Amino acid sequence: MPDTAITEVGQLVESASLLTIEVFRLGAERKLDAQPSDEGVEIAPKYTLDIDVRDDRSGFRIRLMTEINTPFGDIECGAYAEYEHPGVVLGEESSAAASEFVNNVALMHLLPFVRQSIADITQRVFTAPLLMPIIQRGELEFELEIRSPGSRVDHDS
């Protein structure tokens with residue numbers, strides 16, 4: 001019996017299992033001439049997300065890159081979450097369901113890891129942690145396009 005193609009987010013929620021969350025890139029560089037300030041600094045993180053579908057279409061990995069430029073220095077964090085969903089597959093017809101899953105489930109898995117990683121690295125490099133605001137579900141969204149296995153598409157928020 002062939003695997004069923006995912007067309008509804010409920011199929012993905014029921015069948016997807018989170019395998020791992022890992023940080024694959026983490027860095028910060030302090031500007032040595034920056035003057036400390038008691039005023040809060042407004043930050044505007046830039047988020048980029050991409051999705052890689054397994055060749056057999058029974059799993060995928062989403063990678064979230066976060067880049068922050070501040071008057072004190074620059075920070076970058078890359079983290080990924082890997083999922084498998086045996087018995088159902090992602091195809092081109094799965095783009096809407098995958099987008100909804102990533103925006104409402106996967107990002108909620110990944111963002112706490114990104115937030116903590118950025119706080120940790122900035123504590124060491126800037127001598128004070130940068131505490132990113134907690135992002136609520138729906139505040140950060142990406143539109144995904146599932147293509148044939150092996151292809152990758154980058155998405156900016």
# chains A, B, ... in the order shown; residues from 1 in each chain; ligands from 1
$ residues_around --residues "A:Glu29" --least-positions-apart "2" --cutoff "12 Å" --atoms "only C-alpha atoms" --output "list in words"
Leu26, Gly27, Lys31, Leu32, Asp33, Ala34, Glu67, Ile68, Asn69, Thr70, Pro71, Phe72, Gly73, Asp74, Ile75, Glu76, Ile121, Thr122, Gln123, Arg124, Val125, Phe126 and Thr127 of chain A
$ write_last_selection --atoms "C-alpha atoms" --output "PDB file, in the first residue's frame"
ATOM      1  CA  LEU A  26      26.061  30.149  17.315  1.00  0.00           C
ATOM      2  CA  GLY A  27      28.208  33.233  17.399  1.00  0.00           C
ATOM      3  CA  LYS A  31      32.208  45.900  18.993  1.00  0.00           C
ATOM      4  CA  LEU A  32      35.087  46.950  21.202  1.00  0.00           C
ATOM      5  CA  ASP A  33      34.400  50.673  20.764  1.00  0.00           C
ATOM      6  CA  ALA A  34      30.715  50.458  21.767  1.00  0.00           C
ATOM      7  CA  GLU A  67      20.575  37.302  12.985  1.00  0.00           C
ATOM      8  CA  ILE A  68      20.646  40.331  15.270  1.00  0.00           C
ATOM      9  CA  ASN A  69      22.655  43.507  14.739  1.00  0.00           C
ATOM     10  CA  THR A  70      22.970  45.824  17.745  1.00  0.00           C
ATOM     11  CA  PRO A  71      25.087  48.878  18.549  1.00  0.00           C
ATOM     12  CA  PHE A  72      27.161  46.571  20.799  1.00  0.00           C
ATOM     13  CA  GLY A  73      27.769  43.770  18.318  1.00  0.00           C
ATOM     14  CA  ASP A  74      26.281  41.116  16.100  1.00  0.00           C
ATOM     15  CA  ILE A  75      24.725  37.771  17.002  1.00  0.00           C
ATOM     16  CA  GLU A  76      23.719  34.776  14.928  1.00  0.00           C
ATOM     17  CA  ILE A 121      26.383  33.531  24.036  1.00  0.00           C
ATOM     18  CA  THR A 122      25.705  37.203  24.751  1.00  0.00           C
ATOM     19  CA  GLN A 123      26.337  36.655  28.473  1.00  0.00           C
ATOM     20  CA  ARG A 124      29.838  35.476  27.574  1.00  0.00           C
ATOM     21  CA  VAL A 125      30.633  37.914  24.761  1.00  0.00           C
ATOM     22  CA  PHE A 126      28.776  41.079  25.834  1.00  0.00           C
ATOM     23  CA  THR A 127      29.052  40.362  29.621  1.00  0.00           C
TER      24      THR A 127
END
$ select_by_dssp --residues "stretch 4-72 of chain A" --states "helix (DSSP H, G or I)" --output "PyMOL selection string"
chain A and resi 9-15
$ select_by_dssp --residues "stretch 5-154 of chain A" --states "strand (DSSP E or B)" --output "ChimeraX atom specification"
/A:5,17-30,46-53,59-70,73-84,88-89,152-154
$ atom_distance --atom1 "atom CA of A:Gln11" --atom2 "atom CA of A:Ser94"
10.3 Å
$ residues_around --residues "A:Gln116" --least-positions-apart "4" --cutoff "9 Å" --atoms "only C-alpha atoms" --output "ChimeraX atom specification"
/A:111-112,120-121,131-132
$ closest_residue --among "A:Arg115, A:His109, A:Arg54, A:His85" --to "A:Arg147" --atoms "only C-alpha atoms"
A:Arg54
$ closest_residue --among "A:Ile134, A:Phe113, A:Leu90, A:Ile146" --to "A:Leu12" --atoms "only C-alpha atoms"
A:Leu90
$ closest_atom_pairs --of "stretch 65-135 of chain A" --to "stretch 2-9 of chain A" --cutoff "12 Å" --atoms "only C-alpha atoms" --output "JSON lines"
{"residue": "A:His85", "atom": "CA", "partner": "A:Ile6", "partner_atom": "CA", "distance": 9.9}
{"residue": "A:Pro86", "atom": "CA", "partner": "A:Asp3", "partner_atom": "CA", "distance": 8.3}
{"residue": "A:Gly87", "atom": "CA", "partner": "A:Asp3", "partner_atom": "CA", "distance": 5.2}
{"residue": "A:Val88", "atom": "CA", "partner": "A:Thr4", "partner_atom": "CA", "distance": 4.7}
{"residue": "A:Val89", "atom": "CA", "partner": "A:Ala5", "partner_atom": "CA", "distance": 4.9}
{"residue": "A:Leu90", "atom": "CA", "partner": "A:Ile6", "partner_atom": "CA", "distance": 5.7}
{"residue": "A:Gly91", "atom": "CA", "partner": "A:Ala5", "partner_atom": "CA", "distance": 6.5}
{"residue": "A:Glu92", "atom": "CA", "partner": "A:Ala5", "partner_atom": "CA", "distance": 9.2}
{"residue": "A:Glu93", "atom": "CA", "partner": "A:Thr7", "partner_atom": "CA", "distance": 6.2}
{"residue": "A:Ser94", "atom": "CA", "partner": "A:Thr7", "partner_atom": "CA", "distance": 5.0}
{"residue": "A:Ser95", "atom": "CA", "partner": "A:Thr7", "partner_atom": "CA", "distance": 8.0}
{"residue": "A:Ala96", "atom": "CA", "partner": "A:Thr7", "partner_atom": "CA", "distance": 7.5}
{"residue": "A:Ala97", "atom": "CA", "partner": "A:Val9", "partner_atom": "CA", "distance": 4.3}
{"residue": "A:Ala98", "atom": "CA", "partner": "A:Val9", "partner_atom": "CA", "distance": 6.8}
{"residue": "A:Ser99", "atom": "CA", "partner": "A:Val9", "partner_atom": "CA", "distance": 8.6}
{"residue": "A:Glu100", "atom": "CA", "partner": "A:Val9", "partner_atom": "CA", "distance": 6.4}
{"residue": "A:Phe101", "atom": "CA", "partner": "A:Val9", "partner_atom": "CA", "distance": 6.1}
{"residue": "A:Val102", "atom": "CA", "partner": "A:Val9", "partner_atom": "CA", "distance": 9.7}
{"residue": "A:Asn103", "atom": "CA", "partner": "A:Val9", "partner_atom": "CA", "distance": 10.9}
{"residue": "A:Asn104", "atom": "CA", "partner": "A:Val9", "partner_atom": "CA", "distance": 10.0}
{"residue": "A:Val105", "atom": "CA", "partner": "A:Val9", "partner_atom": "CA", "distance": 10.2}
$ write_last_selection --atoms "N, CA and C atoms" --output "short mmCIF file (atom, residue, chain, number, x, y, z; two decimals), in the first residue's frame"
data_model
loop_
_atom_site.label_atom_id
_atom_site.label_comp_id
_atom_site.auth_asym_id
_atom_site.auth_seq_id
_atom_site.Cartn_x
_atom_site.Cartn_y
_atom_site.Cartn_z
N HIS A 85 7.59 11.18 10.01
CA HIS A 85 6.16 10.88 9.96
C HIS A 85 5.95 9.65 9.08
N PRO A 86 6.24 8.45 9.63
CA PRO A 86 6.12 7.23 8.84
C PRO A 86 4.67 6.99 8.41
N GLY A 87 4.51 6.48 7.21
CA GLY A 87 3.18 6.15 6.71
C GLY A 87 2.50 7.26 5.94
N VAL A 88 2.98 8.49 6.12
CA VAL A 88 2.46 9.61 5.34
C VAL A 88 3.65 10.37 4.79
N VAL A 89 3.47 11.02 3.65
CA VAL A 89 4.59 11.69 3.00
C VAL A 89 4.26 13.15 2.68
N LEU A 90 5.31 13.96 2.63
CA LEU A 90 5.18 15.35 2.20
C LEU A 90 5.43 15.42 0.71
N GLY A 91 4.54 16.07 0.01
CA GLY A 91 4.70 16.31 -1.41
C GLY A 91 4.35 17.74 -1.72
N GLU A 92 4.33 18.07 -3.00
CA GLU A 92 4.01 19.44 -3.39
C GLU A 92 2.62 19.86 -2.92
N GLU A 93 1.70 18.89 -2.82
CA GLU A 93 0.34 19.19 -2.34
C GLU A 93 0.29 19.43 -0.83
N SER A 94 1.43 19.26 -0.14
CA SER A 94 1.49 19.39 1.33
C SER A 94 1.92 20.77 1.80
N SER A 95 2.16 21.71 0.90
CA SER A 95 2.74 23.00 1.29
C SER A 95 1.90 23.74 2.33
N ALA A 96 0.59 23.81 2.16
CA ALA A 96 -0.25 24.55 3.11
C ALA A 96 -0.24 23.88 4.48
N ALA A 97 -0.35 22.55 4.52
CA ALA A 97 -0.32 21.83 5.79
C ALA A 97 1.03 21.97 6.47
N ALA A 98 2.11 21.89 5.69
CA ALA A 98 3.45 22.04 6.26
C ALA A 98 3.65 23.45 6.81
N SER A 99 3.17 24.47 6.10
CA SER A 99 3.29 25.85 6.58
C SER A 99 2.57 26.01 7.91
N GLU A 100 1.37 25.49 8.00
CA GLU A 100 0.60 25.61 9.24
C GLU A 100 1.29 24.87 10.39
N PHE A 101 1.82 23.68 10.12
CA PHE A 101 2.53 22.91 11.14
C PHE A 101 3.78 23.66 11.61
N VAL A 102 4.57 24.14 10.68
CA VAL A 102 5.81 24.85 11.03
C VAL A 102 5.49 26.09 11.84
N ASN A 103 4.52 26.88 11.41
CA ASN A 103 4.19 28.14 12.09
C ASN A 103 3.57 27.94 13.46
N ASN A 104 2.78 26.89 13.65
CA ASN A 104 2.03 26.72 14.89
C ASN A 104 2.59 25.66 15.83
N VAL A 105 3.47 24.79 15.33
CA VAL A 105 4.02 23.73 16.17
C VAL A 105 5.54 23.80 16.20
#
$ closest_residue --among "A:Glu82, A:Val114, A:Phe24, A:Thr66" --to "A:Asp52" --atoms "only C-alpha atoms"
A:Glu82
$ atom_distance --atom1 "atom CA of A:Thr48" --atom2 "atom CA of A:Leu64"
5.8 Å
$ closest_residue --among "A:Ala106, A:Glu42, A:Arg25, A:Gln35" --to "A:Val13" --atoms "only C-alpha atoms"
A:Ala106
